[in-house]
>>> print(open('start32.csv').read())   # CSV, C-alpha atoms
chain,number,residue,atom,x,y,z
O,6,MET,CA,146.9,-52.1,-60.9
O,7,THR,CA,146.5,-51.3,-57.2
O,8,SER,CA,144.4,-48.4,-56.3
O,9,LEU,CA,145.5,-45.3,-54.4
O,10,HIS,CA,143.1,-46.2,-51.7
O,11,SER,CA,144.6,-49.6,-50.9
O,12,LEU,CA,148.1,-48.1,-50.9
O,13,THR,CA,147.0,-45.5,-48.4
O,14,GLN,CA,145.7,-48.2,-46.2
O,15,SER,CA,149.0,-50.2,-46.3
O,16,ALA,CA,150.9,-46.9,-45.5
O,17,MET,CA,148.6,-46.4,-42.5
O,18,LEU,CA,149.4,-49.8,-41.2
O,19,GLY,CA,153.1,-49.0,-41.5
O,20,SER,CA,154.5,-51.0,-44.4
O,21,ALA,CA,158.1,-51.8,-44.7
O,22,ASP,CA,157.9,-51.8,-48.5
O,23,ASP,CA,160.4,-49.4,-50.0
O,24,SER,CA,158.6,-49.3,-53.3
O,25,LEU,CA,155.4,-47.9,-51.6
O,26,LEU,CA,156.1,-44.3,-52.5
O,27,VAL,CA,157.0,-45.2,-56.1
O,28,SER,CA,153.9,-47.2,-56.6
O,29,ALA,CA,151.8,-44.5,-55.0
O,30,ILE,CA,153.2,-42.0,-57.5
O,31,GLN,CA,152.6,-44.3,-60.4
O,32,THR,CA,149.1,-45.0,-59.3
O,33,GLY,CA,148.4,-41.4,-58.6
O,34,ILE,CA,149.5,-40.3,-62.1
O,35,ALA,CA,147.5,-43.2,-63.6
O,36,GLU,CA,144.4,-42.2,-61.8
O,37,LEU,CA,144.8,-38.6,-62.9
O,38,GLY,CA,145.3,-39.6,-66.5
O,39,GLY,CA,142.5,-42.1,-66.4
O,40,TYR,CA,139.8,-39.7,-65.2
O,41,ILE,CA,136.5,-40.9,-66.5
O,42,PRO,CA,133.8,-38.3,-66.4
O,43,ALA,CA,130.4,-39.1,-65.0
O,44,THR,CA,127.3,-38.8,-67.2
O,45,PHE,CA,124.9,-36.0,-66.7
O,46,GLU,CA,121.5,-37.5,-65.9
O,47,GLY,CA,119.5,-34.3,-65.2
O,48,LYS,CA,117.6,-32.2,-67.6
O,49,SER,CA,118.6,-28.6,-68.5
O,50,THR,CA,115.9,-26.1,-69.4
O,51,ALA,CA,117.2,-24.0,-72.2
O,52,CYS,CA,116.5,-20.3,-72.2
O,53,PRO,CA,114.1,-19.1,-74.9
O,54,LEU,CA,115.5,-16.8,-77.6
O,55,GLU,CA,115.6,-13.0,-77.0
O,56,SER,CA,113.2,-10.7,-78.8
O,57,GLN,CA,115.1,-7.6,-77.9
O,58,PRO,CA,118.6,-6.6,-79.1
O,59,GLN,CA,121.6,-6.7,-76.7
O,60,MET,CA,123.1,-3.3,-75.9
O,61,PRO,CA,126.1,-2.2,-77.9
O,62,GLU,CA,129.6,-3.3,-76.7
O,63,LYS,CA,130.6,0.1,-75.5
O,64,ALA,CA,127.5,0.5,-73.4
O,65,ALA,CA,128.0,-2.9,-71.9
O,66,GLY,CA,131.5,-2.0,-70.9
O,67,LEU,CA,130.1,1.1,-69.1
O,68,LEU,CA,127.4,-0.9,-67.5
O,69,LYS,CA,130.0,-3.3,-66.0
O,70,ARG,CA,131.8,-0.4,-64.4
O,71,LEU,CA,128.5,1.1,-63.1
O,72,VAL,CA,127.5,-2.3,-61.5
O,73,ALA,CA,130.9,-2.6,-60.0
O,74,GLY,CA,130.2,0.7,-58.1
O,75,GLU,CA,131.9,3.3,-60.2
O,76,PHE,CA,130.1,6.6,-60.7
O,77,ASP,CA,127.8,5.9,-57.9
O,78,GLY,CA,124.3,7.1,-58.6
O,79,LEU,CA,124.3,7.0,-62.4
O,80,LEU,CA,123.1,3.4,-62.6
O,81,PRO,CA,119.3,4.2,-62.3
O,82,GLU,CA,119.5,6.7,-65.2
O,83,PHE,CA,121.6,4.3,-67.3
O,84,LEU,CA,119.0,1.5,-66.8
O,85,GLN,CA,116.2,3.8,-67.6
O,86,LEU,CA,117.8,4.9,-70.9
O,87,THR,CA,118.5,1.3,-71.7
O,88,ALA,CA,114.9,0.4,-71.2
O,89,GLU,CA,113.7,3.4,-73.3
O,90,ARG,CA,115.9,2.3,-76.2
O,91,GLY,CA,114.6,-1.3,-76.0
O,92,TYR,CA,118.0,-2.9,-75.3
O,93,ILE,CA,118.7,-5.7,-72.9
O,94,VAL,CA,121.9,-6.2,-70.9
O,95,PRO,CA,124.6,-8.8,-71.7
O,96,PRO,CA,124.0,-12.1,-69.8
O,97,GLU,CA,127.2,-11.9,-67.6
O,98,THR,CA,126.0,-8.7,-65.9
O,99,LEU,CA,122.7,-10.4,-64.9
O,100,PRO,CA,123.7,-11.9,-61.6
O,101,ALA,CA,125.1,-8.6,-60.3
O,102,LEU,CA,122.0,-6.7,-61.6
O,103,LEU,CA,119.5,-9.1,-60.1
O,104,GLY,CA,121.5,-9.1,-56.9
O,105,LEU,CA,121.4,-5.4,-56.4
O,106,GLY,CA,117.8,-5.2,-57.4
O,107,LYS,CA,116.7,-3.3,-54.3
O,108,ASN,CA,113.3,-1.6,-54.3
O,109,ASP,CA,113.6,1.4,-56.6
O,110,LEU,CA,116.2,-0.3,-58.7
O,111,ARG,CA,114.1,-3.4,-59.2
O,112,LYS,CA,111.6,-1.5,-61.3
O,113,LEU,CA,114.4,-0.4,-63.5
O,114,VAL,CA,116.2,-3.7,-63.7
O,115,LEU,CA,113.1,-5.7,-64.8
O,116,PRO,CA,112.6,-4.2,-68.3
O,117,VAL,CA,116.3,-4.8,-69.3
O,118,ILE,CA,117.0,-8.4,-68.2
O,119,GLY,CA,115.2,-10.0,-71.2
O,120,GLU,CA,114.4,-13.7,-71.4
O,121,ARG,CA,117.8,-14.7,-70.1
O,122,GLY,CA,117.2,-12.7,-66.9
O,123,ARG,CA,113.9,-14.3,-66.2
O,124,TRP,CA,115.3,-17.7,-67.0
O,125,LEU,CA,118.2,-17.1,-64.6
O,126,ALA,CA,115.9,-15.7,-61.8
O,127,ALA,CA,114.0,-18.9,-61.8
O,128,HIS,CA,117.2,-20.7,-60.6
O,129,ASN,CA,117.8,-18.6,-57.6
O,130,PRO,CA,115.0,-18.0,-55.0
O,131,ALA,CA,116.6,-14.6,-54.0
O,132,TRP,CA,115.8,-13.3,-57.5
O,133,ALA,CA,112.2,-14.6,-57.6
O,134,TYR,CA,110.9,-11.0,-57.8
O,135,ALA,CA,112.0,-10.9,-61.4
O,136,LEU,CA,109.6,-13.7,-62.3
O,137,GLY,CA,106.6,-11.5,-61.7
O,138,ARG,CA,105.2,-14.0,-59.1
O,139,ASP,CA,102.2,-12.7,-57.1
O,140,PRO,CA,103.7,-11.3,-53.9
O,141,ARG,CA,100.9,-12.7,-51.8
O,142,ASP,CA,101.7,-16.2,-53.0
O,143,ALA,CA,105.4,-15.7,-52.5
O,144,TRP,CA,104.8,-14.4,-48.9
O,145,GLU,CA,102.6,-17.3,-48.0
O,146,ASN,CA,104.3,-20.2,-49.6
O,147,GLY,CA,107.9,-19.0,-50.4
O,148,VAL,CA,111.2,-19.7,-48.6
O,149,ARG,CA,112.7,-17.0,-46.4
O,150,VAL,CA,114.4,-14.9,-49.2
O,151,GLU,CA,111.3,-15.1,-51.3
O,152,ARG,CA,109.2,-13.9,-48.4
O,153,ILE,CA,111.5,-11.0,-47.7
O,154,ALA,CA,111.5,-10.0,-51.4
O,155,ALA,CA,107.7,-10.1,-51.5
O,156,LEU,CA,107.5,-8.0,-48.3
O,157,GLU,CA,109.8,-5.4,-49.6
O,158,GLN,CA,107.9,-5.2,-52.9
O,159,ILE,CA,104.5,-4.7,-51.1
O,160,ARG,CA,106.0,-2.4,-48.6
O,161,ALA,CA,107.1,-0.1,-51.4
O,162,SER,CA,103.5,0.3,-52.6
O,163,GLU,CA,101.2,-0.4,-49.7
O,164,GLN,CA,102.8,0.0,-46.4
O,165,GLY,CA,99.8,-0.9,-44.3
O,166,LYS,CA,99.4,-4.2,-46.1
O,167,ALA,CA,103.0,-5.3,-45.3
O,168,ARG,CA,102.4,-4.6,-41.7
O,169,GLY,CA,99.2,-6.7,-41.7
O,170,TRP,CA,101.1,-9.6,-43.3
O,171,ILE,CA,103.8,-9.6,-40.7
O,172,GLN,CA,101.3,-9.4,-37.8
O,173,ALA,CA,99.2,-12.2,-39.3
O,174,SER,CA,102.1,-14.7,-39.3
O,175,TRP,CA,104.0,-13.3,-36.3
O,176,GLU,CA,103.3,-16.1,-34.0
O,177,GLN,CA,104.4,-18.8,-36.4
O,178,ASP,CA,107.6,-17.1,-37.6
O,179,SER,CA,111.0,-17.9,-36.0
O,180,PRO,CA,112.8,-15.0,-34.2
O,181,GLU,CA,115.3,-14.8,-37.1
O,182,ASP,CA,112.5,-14.4,-39.6
O,183,ARG,CA,110.8,-11.8,-37.5
O,184,SER,CA,113.9,-9.6,-37.2
O,185,LEU,CA,114.5,-9.9,-41.0
O,186,PHE,CA,110.9,-9.0,-41.7
O,187,LEU,CA,111.2,-5.9,-39.5
O,188,GLY,CA,114.4,-5.0,-41.3
O,189,ALA,CA,112.5,-5.2,-44.6
O,190,CYS,CA,110.1,-2.6,-43.3
O,191,SER,CA,112.9,0.0,-43.5
O,192,VAL,CA,111.8,0.2,-47.1
O,193,HIS,CA,109.8,3.3,-47.8
O,194,LEU,CA,109.8,4.5,-44.2
O,195,PRO,CA,107.9,7.7,-43.8
O,196,GLU,CA,109.8,10.2,-41.6
O,197,PRO,CA,107.1,10.8,-39.0
O,198,GLY,CA,106.3,7.1,-38.8
O,199,ARG,CA,109.6,6.0,-37.6
O,200,ARG,CA,108.4,5.5,-34.0
O,201,THR,CA,105.4,3.4,-34.9
O,202,ILE,CA,106.7,0.6,-37.0
O,203,PRO,CA,105.9,-2.0,-37.9
M,7,LEU,CA,166.2,-19.4,-77.3
M,8,LEU,CA,165.4,-16.6,-79.6
M,9,ALA,CA,168.1,-17.8,-81.9
M,10,SER,CA,166.5,-21.1,-82.3
M,11,PRO,CA,165.2,-21.8,-85.8
M,12,ASP,CA,162.0,-23.7,-84.8
M,13,GLY,CA,159.6,-20.9,-84.1
M,14,ILE,CA,155.9,-21.5,-84.8
M,15,SER,CA,154.3,-18.9,-86.9
M,16,ASP,CA,150.6,-18.5,-86.3
M,17,ASP,CA,147.7,-16.2,-85.3
M,18,TRP,CA,147.4,-16.3,-81.5
M,19,LEU,CA,144.6,-15.2,-79.2
M,20,VAL,CA,145.3,-14.2,-75.6
M,21,VAL,CA,142.6,-16.3,-74.0
M,22,ALA,CA,143.3,-15.4,-70.4
M,23,GLN,CA,145.7,-13.4,-68.3
M,24,THR,CA,146.3,-13.9,-64.6
M,25,PHE,CA,148.6,-12.4,-62.0
M,26,GLU,CA,150.5,-13.9,-59.1
M,27,GLU,CA,152.6,-12.3,-56.4
M,28,ASP,CA,155.1,-13.9,-54.2
M,29,GLU,CA,154.9,-12.0,-50.9
M,30,LYS,CA,158.2,-13.2,-49.7
M,31,THR,CA,160.3,-12.4,-52.7
M,32,GLY,CA,158.2,-9.5,-54.0
M,33,LEU,CA,158.2,-11.1,-57.4
M,34,ARG,CA,155.1,-10.5,-59.5
M,35,ALA,CA,154.2,-12.7,-62.4
M,36,GLN,CA,151.8,-12.0,-65.3
M,37,ILE,CA,150.7,-15.3,-66.8
M,38,ASN,CA,149.2,-15.1,-70.3
M,39,TRP,CA,147.5,-18.1,-71.9
M,40,LEU,CA,147.5,-18.2,-75.7
M,41,TRP,CA,145.6,-20.3,-78.1
M,42,GLY,CA,146.8,-20.7,-81.7
M,43,LYS,CA,144.5,-20.5,-84.7
M,44,ALA,CA,146.1,-23.2,-86.8
M,45,ASN,CA,144.9,-26.7,-86.2
M,46,THR,CA,147.3,-29.3,-84.9
M,47,THR,CA,147.1,-33.0,-85.6
M,48,GLU,CA,144.5,-33.3,-83.0
M,49,ARG,CA,142.5,-30.7,-84.9
M,50,THR,CA,142.5,-28.2,-82.1
M,51,GLY,CA,144.4,-24.9,-81.6
M,52,LYS,CA,147.8,-25.1,-79.8
M,53,PRO,CA,148.2,-23.7,-76.3
M,54,ALA,CA,151.1,-21.6,-75.1
M,55,GLN,CA,151.9,-19.8,-71.9
M,56,ILE,CA,153.9,-16.5,-71.8
M,57,ILE,CA,155.0,-15.4,-68.3
M,58,ASN,CA,156.3,-11.9,-67.6
M,59,PHE,CA,158.0,-11.1,-64.4
M,60,ALA,CA,158.5,-7.8,-62.4
M,61,PHE,CA,160.0,-7.1,-59.1
M,62,ARG,CA,157.8,-5.2,-56.5
M,63,ASN,CA,156.7,-1.9,-58.0
M,64,GLN,CA,158.3,-2.4,-61.4
M,65,PRO,CA,155.7,-2.2,-64.1
M,66,LEU,CA,154.8,-5.5,-65.8
M,67,ASP,CA,155.0,-5.8,-69.6
M,68,THR,CA,151.8,-4.4,-71.1
M,69,GLY,CA,152.2,-5.8,-74.5
M,70,LEU,CA,149.8,-8.6,-73.9
M,71,ALA,CA,146.2,-8.2,-72.7
M,72,SER,CA,143.4,-10.7,-72.5
M,73,GLY,CA,141.2,-10.8,-75.7
M,74,LEU,CA,144.1,-9.5,-77.9
M,75,THR,CA,144.8,-11.2,-81.2
M,76,LEU,CA,148.3,-11.4,-82.4
M,77,HIS,CA,150.3,-12.7,-85.3
M,78,GLY,CA,153.8,-13.8,-84.6
M,79,GLU,CA,156.5,-16.4,-84.4
M,80,LEU,CA,156.6,-18.2,-81.1
M,81,VAL,CA,159.4,-20.3,-79.6
M,82,TYR,CA,158.7,-22.8,-76.9
M,83,PHE,CA,161.0,-23.4,-74.1
M,84,PRO,CA,162.4,-27.0,-74.4
M,85,GLY,CA,160.4,-29.5,-72.4
M,86,ALA,CA,158.7,-32.8,-72.6
M,87,PHE,CA,155.3,-31.1,-73.0
M,88,PRO,CA,156.3,-27.6,-74.2
M,89,LEU,CA,153.9,-25.0,-72.9
M,90,ARG,CA,155.9,-21.9,-71.9
M,91,ALA,CA,157.1,-19.8,-74.7
M,92,VAL,CA,158.4,-16.4,-75.9
M,93,PHE,CA,157.6,-14.4,-79.0
M,94,LYS,CA,160.3,-13.9,-81.6
M,95,THR,CA,158.3,-11.5,-83.6
M,96,LEU,CA,154.8,-10.2,-83.0
M,97,GLN,CA,152.3,-7.8,-84.4
M,98,ILE,CA,148.8,-7.0,-83.3
M,99,LEU,CA,145.8,-8.0,-85.5
M,100,PRO,CA,142.7,-5.9,-85.5
M,101,SER,CA,140.0,-8.6,-85.4
M,102,PRO,CA,139.8,-11.6,-83.0
M,103,PHE,CA,139.0,-15.1,-84.1
M,104,LEU,CA,136.9,-17.8,-82.4
M,105,PRO,CA,139.4,-20.5,-81.3
M,106,THR,CA,139.0,-24.1,-82.3
M,107,GLY,CA,138.9,-26.2,-79.2
M,108,PHE,CA,138.3,-29.7,-78.0
M,109,PRO,CA,135.0,-30.9,-79.4
M,110,ASP,CA,134.2,-33.0,-76.4
M,111,PHE,CA,135.6,-33.9,-73.0
M,112,SER,CA,136.9,-37.3,-74.0
M,113,THR,CA,139.3,-35.8,-76.5
M,114,PHE,CA,140.2,-33.2,-73.9
M,115,LEU,CA,140.9,-35.8,-71.3
M,116,ASP,CA,142.8,-37.9,-73.8
M,117,GLY,CA,145.0,-34.8,-74.5
M,118,TYR,CA,145.5,-34.4,-70.8
M,119,ALA,CA,146.5,-38.1,-70.3
M,120,ALA,CA,149.0,-37.8,-73.2
M,121,ALA,CA,150.4,-34.6,-71.8
M,122,LEU,CA,150.7,-36.3,-68.4
M,123,GLY,CA,152.5,-39.2,-70.0
M,124,LEU,CA,155.1,-36.8,-71.4
M,125,ASN,CA,155.3,-34.7,-68.2
M,126,PRO,CA,154.1,-36.3,-65.0
M,127,TRP,CA,154.7,-33.1,-63.1
M,128,LEU,CA,152.2,-31.2,-65.2
M,129,GLU,CA,150.0,-29.3,-62.7
M,130,ILE,CA,147.5,-27.7,-65.0
M,131,PHE,CA,146.3,-28.5,-68.5
M,132,PRO,CA,144.8,-25.6,-70.5
M,133,GLY,CA,142.0,-26.2,-73.0
M,134,VAL,CA,139.4,-24.4,-75.1
M,135,LEU,CA,136.2,-26.5,-74.8
M,136,GLU,CA,133.5,-26.3,-77.3
M,137,LYS,CA,129.7,-26.9,-76.8
M,138,VAL,CA,129.6,-27.1,-73.1
M,139,VAL,CA,126.5,-26.4,-71.0
M,140,VAL,CA,126.7,-25.1,-67.5
M,141,GLU,CA,124.5,-26.6,-64.9
M,142,LYS,CA,124.0,-26.2,-61.1
M,143,GLN,CA,123.6,-29.2,-58.8
M,144,GLU,CA,123.3,-29.6,-55.1
M,145,THR,CA,126.9,-30.9,-55.0
M,146,GLY,CA,128.2,-27.9,-57.0
M,147,TRP,CA,128.6,-26.4,-60.4
M,148,LEU,CA,129.5,-28.5,-63.5
M,149,VAL,CA,129.8,-28.4,-67.2
M,150,TYR,CA,128.7,-31.1,-69.5
M,151,ASP,CA,129.5,-31.7,-73.2
M,152,SER,CA,127.6,-32.9,-76.2
M,153,ASN,CA,127.9,-36.5,-75.0
M,154,ARG,CA,126.6,-35.4,-71.6
M,155,ALA,CA,130.0,-36.2,-69.9
M,156,ILE,CA,130.5,-34.1,-66.8
M,157,LEU,CA,133.5,-32.1,-65.6
M,158,PRO,CA,133.1,-30.5,-62.2
M,159,LEU,CA,134.0,-26.8,-61.8
M,160,SER,CA,136.7,-25.8,-59.4
M,161,ALA,CA,135.5,-24.6,-55.9
M,162,ARG,CA,137.8,-21.7,-56.4
M,163,PHE,CA,135.8,-20.4,-59.3
M,164,SER,CA,133.9,-17.4,-58.2
M,165,SER,CA,131.9,-16.4,-61.4
M,166,SER,CA,129.6,-19.5,-61.6
M,167,TRP,CA,126.4,-17.5,-61.8
M,168,GLU,CA,127.9,-15.3,-64.6
M,169,LEU,CA,129.0,-18.4,-66.6
M,170,PHE,CA,125.6,-20.0,-65.9
M,171,ALA,CA,123.9,-16.9,-67.3
M,172,LEU,CA,126.1,-16.8,-70.4
M,173,SER,CA,125.2,-20.4,-71.1
M,174,GLY,CA,121.5,-20.1,-70.4
M,175,GLY,CA,121.1,-23.9,-70.9
M,176,HIS,CA,122.7,-23.6,-74.4
M,177,PRO,CA,126.1,-24.9,-75.5
M,178,ILE,CA,128.9,-22.3,-75.4
M,179,THR,CA,132.7,-22.3,-75.8
M,180,ILE,CA,134.9,-21.8,-72.8
M,181,PHE,CA,138.6,-21.8,-71.9
M,182,GLY,CA,139.7,-23.3,-68.7
M,183,LEU,CA,142.5,-25.0,-66.7
M,184,TRP,CA,142.1,-28.7,-65.7
M,185,ASP,CA,144.1,-29.9,-62.7
M,186,GLY,CA,143.0,-33.6,-62.9
M,187,PHE,CA,140.1,-33.0,-60.5
M,188,SER,CA,138.2,-29.9,-61.5
M,189,LEU,CA,138.0,-27.2,-64.2
M,190,LEU,CA,138.7,-23.6,-63.5
M,191,PRO,CA,137.0,-21.6,-66.3
M,192,MET,CA,138.7,-18.3,-67.2
M,193,THR,CA,137.0,-17.2,-70.4
M,194,ALA,CA,133.7,-17.7,-72.2
M,195,TRP,CA,132.5,-16.8,-75.7
M,196,ASP,CA,129.0,-15.6,-76.3
M,197,GLU,CA,128.5,-16.0,-80.0
M,198,LYS,CA,131.7,-14.1,-81.0
M,199,ARG,CA,131.9,-11.9,-78.0
M,200,TYR,CA,134.9,-12.6,-75.6
M,201,ILE,CA,134.1,-12.5,-71.9
M,202,GLN,CA,136.7,-12.7,-69.2
M,203,LEU,CA,135.4,-14.4,-66.1
>>> encode(input="start32.csv", output="structure tokens")
Amino acid sequence: MTSLHSLTQSAMLGSADDSLLVSAIQTGIAELGGYIPATFEGKSTACPLESQPQMPEKAAGLLKRLVAGEFDGLLPEFLQLTAERGYIVPPETLPALLGLGKNDLRKLVLPVIGERGRWLAAHNPAWAYALGRDPRDAWENGVRVERIAALEQIRASEQGKARGWIQASWEQDSPEDRSLFLGACSVHLPEPGRRTIP
Amino acid sequence: LLASPDGISDDWLVVAQTFEEDEKTGLRAQINWLWGKANTTERTGKPAQIINFAFRNQPLDTGLASGLTLHGELVYFPGAFPLRAVFKTLQILPSPFLPTGFPDFSTFLDGYAAALGLNPWLEIFPGVLEKVVVEKQETGWLVYDSNRAILPLSARFSSSWELFALSGGHPITIFGLWDGFSLLPMTAWDEKRYIQL
């Protein structure tokens, strides 16, 4: 049987063959029906089993609404209570939770993500903070999102150190990086210090 | 149609529900995908599609919701590959069941080829797929089955990370629509928990 590709080419050349469209349809359908899947050559790393129980279904339903932005401001308390009871969140809420993990929330998100959360974070550089990597290492060797995450983390605890880091690599960083790093310094900004950053 | 004697009595799970709106005509459609519990000759559950319509602000039928389990007699609209159907009788069951799906992609694709043979205009082919692992590659997201055969995920699918998190490198059961090129997942099961994507 002719391939769709060769039919396209004869159509491009301007064929006078009336049956062109018919054969194109036939071939198209045959190609759809004859789909042969490729073989997966890679290697998947399976997530280790959880040691903590998943939160009850009702709580999970509420969590999804909180993550979606409903009842703004209740999420930190909810995460805290989840951690106190030793529960972890259902897997489908992890991308949203890890994604919103900004500063204060990060501390609360980390205890409730379980093995699955750490496994998932290893697949996305923006969530690297959940892996417990040393911030210094992330800052010096990481990609841009990892560096920003490390900077925000250190800025929250030791402001002066973050400033030192930025100054040390200022000359080598691109203008985009610099502006993002300065943006990261808005974390934990003391009121009187506003004029003197970074 | 309702007078036809050939209804199929079974337990049905509403595996997905989507909405469409035609801006020009103001017609809104609620599309329910159902999966039967009883095994067919191919040893999988039977798919069915129930579409409810409403005009502009009229309320849509609320009798069906995703995740709902029903028992009832279903009548298919006549067709070469019957998919769309209506309920003759129906009652709601309290507990959901885990649907029996295609054990691997080759049986799923065989099913698709057979359906396409019956109805060449078939745009989408629904299927519950068992034991699939979700994986991320530079070219995009994909699922692979127990034989490591790959189906690419649709570029329109927006919950890839959620599905990836649910799988966690382990095989899970999903429901999706195949268009001949890529799979659009709509539902996943985590153990027995039903998750709408």
>>> residues_near_point(input="start32.csv", point="(119.1, -22.3, -70.9)", cutoff="8 Å", atoms="only C-alpha atoms", output="PDB file with C-alpha atoms, in the frame of the given file")
ATOM      1  CA  SER O  49     118.600 -28.600 -68.500  1.00  0.00           C
ATOM      2  CA  THR O  50     115.900 -26.100 -69.400  1.00  0.00           C
ATOM      3  CA  ALA O  51     117.200 -24.000 -72.200  1.00  0.00           C
ATOM      4  CA  CYS O  52     116.500 -20.300 -72.200  1.00  0.00           C
ATOM      5  CA  PRO O  53     114.100 -19.100 -74.900  1.00  0.00           C
ATOM      6  CA  ARG O 121     117.800 -14.700 -70.100  1.00  0.00           C
ATOM      7  CA  TRP O 124     115.300 -17.700 -67.000  1.00  0.00           C
TER       8      TRP O 124
ATOM      9  CA  SER M 173     125.200 -20.400 -71.100  1.00  0.00           C
ATOM     10  CA  GLY M 174     121.500 -20.100 -70.400  1.00  0.00           C
ATOM     11  CA  GLY M 175     121.100 -23.900 -70.900  1.00  0.00           C
ATOM     12  CA  HIS M 176     122.700 -23.600 -74.400  1.00  0.00           C
TER      13      HIS M 176
END
>>> interface_residues(input="start32.csv", of="chain O", to="chain M", cutoff="10 Å", atoms="all atoms listed in the file", output="PyMOL selection string")
chain O and resi 30-31+33-54+62+95-101+120-122+124-126+128-129
>>> residues_around(input="start32.csv", residues="Asn58 in chain M", least_positions_apart="5", cutoff="7 Å", atoms="only C-alpha atoms", output="PDB file with C-alpha atoms, keeping the file's coordinate frame")
ATOM      1  CA  ALA M  35     154.200 -12.700 -62.400  1.00  0.00           C
ATOM      2  CA  GLN M  36     151.800 -12.000 -65.300  1.00  0.00           C
ATOM      3  CA  ILE M  37     150.700 -15.300 -66.800  1.00  0.00           C
ATOM      4  CA  LEU M  66     154.800  -5.500 -65.800  1.00  0.00           C
ATOM      5  CA  ASP M  67     155.000  -5.800 -69.600  1.00  0.00           C
TER       6      ASP M  67
END
>>> residues_near_point(input="start32.csv", point="(143.9, -16.8, -82.7)", cutoff="7 Å", atoms="only C-alpha atoms", output="MDAnalysis selection string")
chainID M and resid 17:19 41:43 75:76 102:103 105
>>> atom_distance(input="start32.csv", atom1="CA of Leu84 in chain O", atom2="CA of Val72 in chain O")
10.7 Å
>>> residues_around(input="start32.csv", residues="Ala71 in chain M", least_positions_apart="6", cutoff="9 Å", atoms="all atoms listed in the file", output="PyMOL selection string")
chain M and resi 20-23+38
>>> write_last_selection(input="start32.csv", atoms="C-alpha atoms", output="PDB file, keeping the file's coordinate frame")
ATOM      1  CA  VAL M  20     145.300 -14.200 -75.600  1.00  0.00           C
ATOM      2  CA  VAL M  21     142.600 -16.300 -74.000  1.00  0.00           C
ATOM      3  CA  ALA M  22     143.300 -15.400 -70.400  1.00  0.00           C
ATOM      4  CA  GLN M  23     145.700 -13.400 -68.300  1.00  0.00           C
ATOM      5  CA  ASN M  38     149.200 -15.100 -70.300  1.00  0.00           C
TER       6      ASN M  38
END
>>> residues_around(input="start32.csv", residues="Ala189 in chain O", least_positions_apart="4", cutoff="9 Å", atoms="all atoms listed in the file", output="list of chain:residue names")
O:Ile153, O:Ala154, O:Leu156, O:Glu157, O:Arg160, O:Ser184, O:Leu185
>>> atom_distance(input="start32.csv", atom1="CA of Trp132 in chain O", atom2="CA of Gly66 in chain O")
23.5 Å
>>> closest_residue(input="start32.csv", among="M:Pro132, M:Gly32, M:Gly107, M:Gly146", to="Met192 in chain M", atoms="only C-alpha atoms")
M:Pro132
>>> atom_distance(input="start32.csv", atom1="CA of Lys137 in chain M", atom2="CA of Ile180 in chain M")
8.3 Å
>>> residues_around(input="start32.csv", residues="Glu181 in chain O", least_positions_apart="5", cutoff="12 Å", atoms="only C-alpha atoms", output="PyMOL selection string")
chain O and resi 149+153+175+186-188
>>> residues_around(input="start32.csv", residues="Val92 in chain M", least_positions_apart="4", cutoff="8 Å", atoms="all atoms listed in the file", output="PyMOL selection string")
chain M and resi 8+56+80-83
>>> closest_residue(input="start32.csv", among="M:Ser101, M:Glu129, M:Asp28, M:Pro88", to="Tyr200 in chain M", atoms="only C-alpha atoms")
M:Ser101
>>> closest_residue(input="start32.csv", among="M:Lys198, M:Lys52, M:His77, M:Arg62", to="Lys30 in chain M", atoms="only C-alpha atoms")
M:Arg62
>>> decode(input="start32.csv", residues="range 121-127 of chain M", atoms="N, CA, C and O atoms", output="short mmCIF file (atom, residue, chain, number, x, y, z; two decimals), in the first residue's frame")
data_model
loop_
_atom_site.label_atom_id
_atom_site.label_comp_id
_atom_site.auth_asym_id
_atom_site.auth_seq_id
_atom_site.Cartn_x
_atom_site.Cartn_y
_atom_site.Cartn_z
N ALA M 121 -12.79 -0.85 15.59
CA ALA M 121 -13.83 0.17 15.63
C ALA M 121 -13.75 1.06 14.39
O ALA M 121 -14.75 1.44 13.81
N LEU M 122 -12.52 1.38 14.00
CA LEU M 122 -12.30 2.21 12.83
C LEU M 122 -12.75 1.48 11.56
O LEU M 122 -13.24 2.10 10.62
N GLY M 123 -12.60 0.17 11.57
CA GLY M 123 -13.06 -0.63 10.45
C GLY M 123 -14.58 -0.56 10.32
O GLY M 123 -15.12 -0.54 9.22
N LEU M 124 -15.26 -0.52 11.48
CA LEU M 124 -16.72 -0.44 11.47
C LEU M 124 -17.19 0.98 11.15
O LEU M 124 -18.15 1.18 10.44
N ASN M 125 -16.50 1.96 11.71
CA ASN M 125 -16.88 3.34 11.51
C ASN M 125 -15.65 4.19 11.21
O ASN M 125 -14.96 4.65 12.11
N PRO M 126 -15.35 4.39 9.92
CA PRO M 126 -14.13 5.13 9.55
C PRO M 126 -14.17 6.60 10.00
O PRO M 126 -13.15 7.26 10.00
N TRP M 127 -15.36 7.10 10.37
CA TRP M 127 -15.45 8.50 10.79
C TRP M 127 -15.25 8.66 12.30
O TRP M 127 -15.45 9.74 12.83
#
